[in-house]
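*Asks:* Structure file entry_8.txt, compact mmCIF, C-alpha atoms and all ligand atoms, is pasted below:
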# COMPACT_ATOMS: atom_id res chain seq x y z
CA MET A 1 19.98 41.57 11.45
CA SER A 2 16.32 42.33 11.88
CA ALA A 3 14.95 42.50 15.39
CA ARG A 4 11.58 43.59 16.68
CA LEU A 5 11.79 44.19 20.37
CA LEU A 6 9.94 45.97 23.09
CA LEU A 7 10.90 47.13 26.53
CA ILE A 8 8.32 47.03 29.28
CA GLY A 9 8.65 48.03 32.92
CA PRO A 10 7.51 50.61 35.46
CA PRO A 11 8.30 54.31 35.10
CA GLY A 12 11.87 54.86 36.23
CA ALA A 13 13.02 51.31 35.44
CA GLY A 14 15.53 52.70 32.94
CA LYS A 15 13.77 51.77 29.71
CA GLY A 16 14.76 54.97 27.90
CA THR A 17 18.44 54.70 28.87
CA GLN A 18 18.67 51.07 27.78
CA ALA A 19 16.63 51.68 24.63
CA VAL A 20 19.14 54.24 23.34
CA ARG A 21 22.04 51.84 23.89
CA LEU A 22 20.30 48.81 22.39
CA SER A 23 19.12 50.79 19.41
CA ALA A 24 22.72 51.79 18.63
CA SER A 25 24.14 48.31 19.03
CA LEU A 26 21.35 46.56 17.12
CA GLY A 27 21.10 49.21 14.42
CA VAL A 28 17.33 49.57 14.75
CA PRO A 29 15.44 52.75 15.66
CA ALA A 30 14.29 53.20 19.27
CA ILE A 31 10.76 54.48 19.39
CA SER A 32 9.70 56.06 22.66
CA THR A 33 6.06 57.11 22.72
CA GLY A 34 6.83 59.27 25.79
CA ASP A 35 9.55 61.15 23.87
CA ILE A 36 7.30 61.61 20.84
CA PHE A 37 4.51 62.96 23.04
CA ARG A 38 6.91 65.32 24.86
CA GLU A 39 8.23 66.64 21.55
CA ASN A 40 4.67 67.29 20.42
CA VAL A 41 3.92 69.12 23.67
CA ARG A 42 7.07 71.26 23.21
CA ASN A 43 6.11 72.10 19.63
CA GLU A 44 2.51 72.78 20.62
CA THR A 45 1.13 70.50 17.91
CA GLU A 46 -2.50 69.40 17.91
CA LEU A 47 -1.45 65.99 19.25
CA GLY A 48 0.66 67.66 21.96
CA THR A 49 -2.24 69.84 23.02
CA LYS A 50 -4.47 66.78 23.34
CA ALA A 51 -1.86 64.70 25.19
CA LYS A 52 -0.57 67.26 27.68
CA ALA A 53 -3.27 67.07 30.35
CA PHE A 54 -3.08 63.28 30.48
CA MET A 55 0.70 63.33 30.75
CA ASP A 56 0.78 65.99 33.46
CA ALA A 57 -1.73 63.95 35.49
CA GLY A 58 0.34 60.77 35.02
CA ASP A 59 -2.46 59.08 33.08
CA ASN A 60 -2.08 57.22 29.82
CA VAL A 61 -2.84 59.23 26.72
CA PRO A 62 -5.98 57.70 25.12
CA ASP A 63 -5.33 54.54 23.10
CA SER A 64 -6.76 55.89 19.86
CA LEU A 65 -4.25 58.78 19.75
CA THR A 66 -1.36 56.57 20.79
CA ASN A 67 -2.15 53.76 18.37
CA ASP A 68 -2.40 56.12 15.39
CA LEU A 69 0.90 57.72 16.32
CA VAL A 70 2.73 54.38 16.55
CA ARG A 71 1.17 53.03 13.37
CA ASP A 72 2.47 56.09 11.48
CA ARG A 73 5.91 55.78 13.00
CA LEU A 74 6.26 52.04 12.36
CA SER A 75 5.17 52.57 8.76
CA GLN A 76 8.28 54.65 8.07
CA GLU A 77 11.06 53.17 6.01
CA ASP A 78 13.62 52.95 8.84
CA CYS A 79 11.41 50.48 10.75
CA ALA A 80 11.23 47.94 7.93
CA ALA A 81 14.17 45.91 9.22
CA GLY A 82 13.23 46.13 12.88
CA PHE A 83 12.62 48.49 15.76
CA LEU A 84 12.73 48.78 19.52
CA LEU A 85 9.60 50.05 21.20
CA ASP A 86 9.99 51.82 24.55
CA GLY A 87 6.80 52.56 26.49
CA TYR A 88 4.43 50.99 23.98
CA PRO A 89 2.22 49.00 24.19
CA ARG A 90 1.03 49.79 27.69
CA THR A 91 -2.61 48.69 27.52
CA THR A 92 -4.33 45.59 26.13
CA ASP A 93 -5.93 47.74 23.44
CA GLN A 94 -2.45 48.87 22.35
CA VAL A 95 -1.33 45.22 22.16
CA ARG A 96 -4.32 44.55 19.92
CA ALA A 97 -3.40 47.47 17.65
CA LEU A 98 0.26 46.43 17.50
CA ASP A 99 -0.70 42.80 16.74
CA GLU A 100 -2.92 44.03 13.94
CA PHE A 101 -0.13 46.17 12.45
CA LEU A 102 2.39 43.33 12.63
CA ALA A 103 -0.04 40.81 11.13
CA GLU A 104 -0.76 43.18 8.24
CA HIS A 105 2.99 43.26 7.57
CA GLY A 106 3.40 39.50 7.94
CA THR A 107 5.67 39.82 10.95
CA ALA A 108 5.73 39.54 14.75
CA MET A 109 7.68 40.70 17.81
CA ASP A 110 10.82 38.70 18.54
CA VAL A 111 11.36 39.45 22.22
CA VAL A 112 9.68 41.42 24.99
CA ILE A 113 12.19 42.56 27.59
CA GLU A 114 10.77 43.23 31.03
CA LEU A 115 12.98 45.55 33.08
CA VAL A 116 12.21 44.59 36.65
CA ALA A 117 12.55 47.32 39.29
CA ASP A 118 11.20 47.69 42.79
CA PRO A 119 8.65 50.54 43.22
CA ASP A 120 10.64 52.12 46.09
CA VAL A 121 13.75 52.26 43.91
CA VAL A 122 11.96 53.82 40.97
CA VAL A 123 10.34 56.48 43.16
CA GLU A 124 13.82 57.49 44.38
CA ARG A 125 15.23 57.51 40.82
CA LEU A 126 12.38 59.67 39.56
CA LYS A 127 12.74 62.11 42.47
CA LYS A 128 16.33 62.59 41.33
CA ARG A 129 15.27 62.97 37.68
CA ALA A 130 12.72 65.60 38.76
CA LEU A 131 15.61 67.64 40.16
CA ASP A 132 17.91 67.02 37.16
CA GLN A 133 15.48 67.39 34.27
CA GLY A 134 12.42 69.12 35.69
CA ARG A 135 9.95 66.80 33.99
CA SER A 136 6.51 67.97 35.07
CA ASP A 137 5.27 64.40 35.62
CA ASP A 138 8.11 63.46 37.99
CA ASP A 139 6.47 65.17 40.96
CA GLU A 140 6.19 62.53 43.72
CA SER A 141 2.39 62.29 43.84
CA VAL A 142 2.23 62.06 40.02
CA VAL A 143 4.94 59.39 40.09
CA ARG A 144 2.91 57.32 42.54
CA HIS A 145 -0.11 57.66 40.28
CA ARG A 146 1.96 56.59 37.22
CA LEU A 147 3.08 53.50 39.15
CA GLU A 148 -0.55 52.68 39.93
CA VAL A 149 -1.54 53.15 36.27
CA TYR A 150 1.35 50.86 35.36
CA ARG A 151 0.24 48.23 37.87
CA GLN A 152 -3.35 48.27 36.65
CA GLN A 153 -3.03 48.76 32.90
CA THR A 154 0.46 47.67 31.84
CA ALA A 155 1.66 44.95 34.24
CA PRO A 156 -0.97 42.49 32.89
CA LEU A 157 0.77 42.64 29.49
CA ILE A 158 3.76 40.85 31.00
CA ASP A 159 1.76 37.65 31.54
CA LEU A 160 0.21 38.04 28.13
CA TYR A 161 3.62 38.12 26.39
CA ASP A 162 4.95 35.42 28.70
CA GLY A 163 2.07 33.23 27.53
CA ARG A 164 3.29 33.78 23.97
CA GLY A 165 6.78 32.64 24.97
CA MET A 166 8.26 36.05 24.14
CA LEU A 167 9.18 37.34 27.58
CA ALA A 168 12.74 37.90 28.85
CA LYS A 169 12.87 39.18 32.44
CA VAL A 170 15.90 41.31 33.24
CA ASP A 171 16.85 42.78 36.61
CA GLY A 172 16.88 46.57 36.15
CA ILE A 173 18.69 47.32 39.40
CA GLY A 174 22.43 47.96 39.18
CA GLU A 175 24.90 49.96 37.12
CA ILE A 176 23.70 51.00 33.65
CA ASP A 177 26.43 48.89 31.98
CA GLU A 178 25.53 45.88 34.08
CA VAL A 179 21.87 46.10 33.06
CA THR A 180 22.87 46.50 29.39
CA ALA A 181 25.01 43.36 29.67
CA ARG A 182 22.11 41.44 31.21
CA ILE A 183 19.85 42.48 28.33
CA SER A 184 22.50 41.48 25.77
CA ASP A 185 22.77 38.05 27.42
CA ALA A 186 19.00 37.61 27.43
CA LEU A 187 18.86 38.53 23.74
CA ALA A 188 21.80 36.27 22.85
CA ALA A 189 19.97 33.39 24.55
CA ARG A 190 17.20 34.01 22.01
CA GLY A 191 19.53 34.20 19.05
CA ILE A 192 19.73 37.99 18.83
CA LEU A 193 23.34 39.09 18.90
CA VAL A 194 24.13 42.56 20.18
CA ALA A 195 27.37 44.25 19.07
CA ASP A 196 29.58 45.64 21.88
P1 LIG B 1 7.51 56.62 32.03
O1 LIG B 1 7.58 55.24 31.42
O2 LIG B 1 8.68 56.96 32.86
O3 LIG B 1 6.20 56.88 32.70
P2 LIG B 1 7.27 57.82 29.39
O4 LIG B 1 8.20 58.83 28.86
O5 LIG B 1 7.26 56.47 28.75
O6 LIG B 1 7.61 57.71 30.93
O7 LIG B 1 5.78 58.37 29.35
C1 LIG B 1 5.43 59.62 29.87
C2 LIG B 1 3.93 59.85 29.68
O8 LIG B 1 3.63 59.81 28.27
C3 LIG B 1 3.02 58.77 30.29
O9 LIG B 1 2.74 59.00 31.65
C4 LIG B 1 1.77 58.92 29.39
O10 LIG B 1 0.99 60.03 29.77
C5 LIG B 1 2.36 59.20 28.03
N1 LIG B 1 2.58 57.94 27.27
C6 LIG B 1 3.77 57.44 26.86
N2 LIG B 1 3.60 56.28 26.19
C7 LIG B 1 2.27 56.03 26.19
C8 LIG B 1 1.46 54.97 25.70
N3 LIG B 1 1.98 53.93 25.05
N4 LIG B 1 0.11 55.06 25.89
C9 LIG B 1 -0.43 56.09 26.52
N5 LIG B 1 0.27 57.10 27.03
C10 LIG B 1 1.61 57.09 26.88
Please, can you express the file's structure as structure tokens?
*Replies:*
Amino acid sequence: MSARLLLIGPPGAGKGTQAVRLSASLGVPAISTGDIFRENVRNETELGTKAKAFMDAGDNVPDSLTNDLVRDRLSQEDCAAGFLLDGYPRTTDQVRALDEFLAEHGTAMDVVIELVADPDVVVERLKKRALDQGRSDDDESVVRHRLEVYRQQTAPLIDLYDGRGMLAKVDGIGEIDEVTARISDALAARGILVAD
């Protein structure tokens, strides 16, 4: 079954964790712009070199770089029957670029899943992740800045997608399995069936 989905929510809401699970059960690739940028930083590619300073500061990587990257990725064969975007779009310019890509391919997003999480909870989760994984942008002051960037640049997209009738709000607080079940229910309510 084809499904074009995206996950939106503050840093630390659990988008990456849920994206991996949903991707497996829906049989569509999960595309995390954060993961792709981190891989480019690790491999010291030209894109990685350009993105690194923005990421370390907790700022968004410029739209032009991000949009080109996603356009290339979505053009690959494995995305033809659907995909799950994690962490993209996160600005209105990225929504514009995604809309343009989808229109060119005669398609549209099916559902936008908002993972709702309280800022105090996500700060605590990311403090723990900083200890576990040592991600350079999980330092507390950088985390607070990422939350502010989210509030200013990304949160407005929620109303935008709600206005299009595409939004499913899901509580992101609770056990991982519980949150997955909530997402599956929200998708089922929109006719997208997730295998167990
Ligand atoms: P989180 O959602 O927890 O902040 P991500 O892994 O999605 O983590 O992103 C990490 C960093 O990668 C962001 O702070 C930003 O610098 C960069 N990034 C990821 N996705 C995008 C995007 N769509 N646009 C711009 N920058 C992005």
*Asks:* Pick out the residues sitting within 9 Å of stretch 110-117 of chain A, and hand them over as a PyMOL selection string; count only C-alpha atoms, and ignore anything fewer than 5 positions along from it in its own chain.
*Replies:* chain A and resi 3-10+12-15+122+158+161-162+165-173+179+183+186-187+190+192
*Asks:* Rounded to one decimal, what separation in Å do you get between atom CA of A:Ala24 and atom CA of A:Ala189?
*Replies:*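 Pair atom CA of A:Ala24 / atom CA of A:Ala189 returns 19.5 Å.
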*Asks:* For ligand LIG 1 (chain B), which of A:Leu22, A:Leu193, A:Leu160, A:Leu126 is the closest residue, counting all atoms listed in the file?
*Replies:*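 The closest residue to ligand LIG 1 (chain B) is A:Leu126.
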*Asks:* At a cut-off of 10 Å, using all atoms listed in the file, what residues contact A:Ala57? Leave out same-chain residues fewer than 3 positions from it and give the result as a ChimeraX atom specification.
*Replies:* /A:52-54,60,136-137,139,141-143,145-146
*Asks:* Could you give me the residues within 6 Å of ligand LIG 1 (chain B), counting all atoms listed in the file, as a PDB file with C-alpha atoms, keeping the file's coordinate frame?
*Replies:*
ATOM      1  CA  PRO A  11       8.300  54.310  35.100  1.00  0.00           C
ATOM      2  CA  GLY A  12      11.870  54.860  36.230  1.00  0.00           C
ATOM      3  CA  THR A  33       6.060  57.110  22.720  1.00  0.00           C
ATOM      4  CA  GLY A  34       6.830  59.270  25.790  1.00  0.00           C
ATOM      5  CA  ASP A  35       9.550  61.150  23.870  1.00  0.00           C
ATOM      6  CA  PHE A  54      -3.080  63.280  30.480  1.00  0.00           C
ATOM      7  CA  MET A  55       0.700  63.330  30.750  1.00  0.00           C
ATOM      8  CA  GLY A  58       0.340  60.770  35.020  1.00  0.00           C
ATOM      9  CA  ASP A  59      -2.460  59.080  33.080  1.00  0.00           C
ATOM     10  CA  ASN A  60      -2.080  57.220  29.820  1.00  0.00           C
ATOM     11  CA  VAL A  61      -2.840  59.230  26.720  1.00  0.00           C
ATOM     12  CA  PRO A  62      -5.980  57.700  25.120  1.00  0.00           C
ATOM     13  CA  THR A  66      -1.360  56.570  20.790  1.00  0.00           C
ATOM     14  CA  GLY A  87       6.800  52.560  26.490  1.00  0.00           C
ATOM     15  CA  TYR A  88       4.430  50.990  23.980  1.00  0.00           C
ATOM     16  CA  PRO A  89       2.220  49.000  24.190  1.00  0.00           C
ATOM     17  CA  ARG A  90       1.030  49.790  27.690  1.00  0.00           C
TER      18      ARG A  90
END
*Asks:* One decimal, in Å: what's the spacing between atom CA of A:Arg21 and atom CA of A:Asp78?
*Replies:*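 Computing it gives 17.3 Å between the two atoms.
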*Asks:* Please report the interatomic distance between atom CA of A:Glu46 and atom CA of A:Ser75 in Å with one decimal.
*Replies:*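 So the two atoms, atom CA of A:Glu46 and atom CA of A:Ser75, lie 20.6 Å apart.
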*Asks:* Nearest to A:Ala155 among A:Ala195, A:Asp99, A:Glu124, A:Thr92, with distances taken over all atoms listed in the file: which residue is it?
*Replies:*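 For A:Ala155, the nearest of the candidates is A:Thr92.
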*Asks:* Compare A:Leu147, A:Phe101, A:Glu44, A:Asp138 by their minimum atom-to-atom distance to A:Pro119, counting all atoms listed in the file, and give me the closest one.
*Replies:*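 Residue with the minimum atom-to-atom distance to A:Pro119: A:Leu147.
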*Asks:* As lines of an AutoDock Vina configuration file, please report the centre and edge lengths, rounded to one decimal in Å, of the axis-aligned box that holds all listed atoms of stretch 98-105 of chain A with 4 Å of padding on each of the six sides.
*Replies:*
center_x = 0.0
center_y = 43.6
center_z = 12.5
size_x = 13.9
size_y = 13.6
size_z = 17.9
*Asks:* Which residue out of A:Ser2, A:Asn40, A:Gln18, A:Ser23 has the minimum interatomic distance to A:Ala81 when all atoms listed in the file are used?
*Replies:*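 Smallest distance to A:Ala81 is found for A:Ser2.
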*Asks:* Using only C-alpha atoms, which of A:Asp56, A:Glu148, A:Glu39, A:Asp68 sits nearest A:Ala97?
*Replies:*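 Answer, going by the shortest atom-to-atom distance: A:Asp68.
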*Asks:* Counting only C-alpha atoms, which of A:Thr49, A:Ser184, A:Thr17, A:Thr91 gets nearest to A:Val149?
*Replies:*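 Once distances to A:Val149 are computed over only C-alpha atoms, the minimum belongs to A:Thr91.
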*Asks:* Have stretch 25-45 of chain A completed to N, CA, C and O atoms, please, and pass it along as a CSV table (one decimal), in the frame of the given file.
*Replies:*
chain,number,residue,atom,x,y,z
A,25,SER,N,23.4,49.5,19.3
A,25,SER,CA,24.1,48.3,19.0
A,25,SER,C,23.4,47.3,18.1
A,25,SER,O,24.0,46.5,17.4
A,26,LEU,N,22.1,47.4,18.0
A,26,LEU,CA,21.4,46.6,17.1
A,26,LEU,C,21.1,47.2,15.7
A,26,LEU,O,20.7,46.5,14.8
A,27,GLY,N,21.3,48.5,15.7
A,27,GLY,CA,21.1,49.2,14.4
A,27,GLY,C,19.6,49.3,14.0
A,27,GLY,O,19.3,49.3,12.9
A,28,VAL,N,18.8,49.4,15.0
A,28,VAL,CA,17.3,49.6,14.8
A,28,VAL,C,16.9,50.8,15.5
A,28,VAL,O,17.4,51.2,16.5
A,29,PRO,N,15.9,51.5,15.0
A,29,PRO,CA,15.4,52.8,15.7
A,29,PRO,C,14.7,52.4,17.0
A,29,PRO,O,14.0,51.5,17.1
A,30,ALA,N,15.0,53.3,18.0
A,30,ALA,CA,14.3,53.2,19.3
A,30,ALA,C,13.1,54.2,19.2
A,30,ALA,O,13.3,55.3,18.8
A,31,ILE,N,12.0,53.7,19.5
A,31,ILE,CA,10.8,54.5,19.4
A,31,ILE,C,10.1,54.6,20.8
A,31,ILE,O,9.7,53.6,21.3
A,32,SER,N,10.2,55.8,21.3
A,32,SER,CA,9.7,56.1,22.7
A,32,SER,C,8.4,56.9,22.5
A,32,SER,O,8.5,58.1,22.1
A,33,THR,N,7.3,56.3,22.8
A,33,THR,CA,6.1,57.1,22.7
A,33,THR,C,6.1,58.3,23.7
A,33,THR,O,5.6,59.4,23.3
A,34,GLY,N,6.7,58.1,24.9
A,34,GLY,CA,6.8,59.3,25.8
A,34,GLY,C,7.6,60.4,25.2
A,34,GLY,O,7.2,61.6,25.2
A,35,ASP,N,8.8,60.1,24.5
A,35,ASP,CA,9.6,61.2,23.9
A,35,ASP,C,8.8,61.8,22.7
A,35,ASP,O,8.8,63.1,22.6
A,36,ILE,N,8.1,61.0,22.0
A,36,ILE,CA,7.3,61.6,20.8
A,36,ILE,C,6.2,62.5,21.4
A,36,ILE,O,6.0,63.6,20.9
A,37,PHE,N,5.5,62.1,22.4
A,37,PHE,CA,4.5,63.0,23.0
A,37,PHE,C,5.1,64.3,23.6
A,37,PHE,O,4.6,65.3,23.4
A,38,ARG,N,6.3,64.1,24.3
A,38,ARG,CA,6.9,65.3,24.9
A,38,ARG,C,7.3,66.3,23.8
A,38,ARG,O,7.2,67.5,23.9
A,39,GLU,N,7.8,65.8,22.7
A,39,GLU,CA,8.2,66.6,21.6
A,39,GLU,C,7.0,67.4,21.0
A,39,GLU,O,7.1,68.6,20.7
A,40,ASN,N,5.9,66.7,20.9
A,40,ASN,CA,4.7,67.3,20.4
A,40,ASN,C,4.2,68.4,21.4
A,40,ASN,O,3.6,69.4,21.0
A,41,VAL,N,4.3,68.1,22.7
A,41,VAL,CA,3.9,69.1,23.7
A,41,VAL,C,4.8,70.4,23.5
A,41,VAL,O,4.3,71.5,23.4
A,42,ARG,N,6.1,70.1,23.4
A,42,ARG,CA,7.1,71.3,23.2
A,42,ARG,C,6.7,72.1,22.0
A,42,ARG,O,6.8,73.3,22.0
A,43,ASN,N,6.4,71.4,20.9
A,43,ASN,CA,6.1,72.1,19.6
A,43,ASN,C,4.7,72.6,19.5
A,43,ASN,O,4.3,73.1,18.5
A,44,GLU,N,3.9,72.3,20.6
A,44,GLU,CA,2.5,72.8,20.6
A,44,GLU,C,1.7,72.3,19.4
A,44,GLU,O,0.9,73.1,18.8
A,45,THR,N,1.9,71.1,19.0
A,45,THR,CA,1.1,70.5,17.9
A,45,THR,C,-0.3,70.2,18.4
A,45,THR,O,-0.5,70.1,19.7
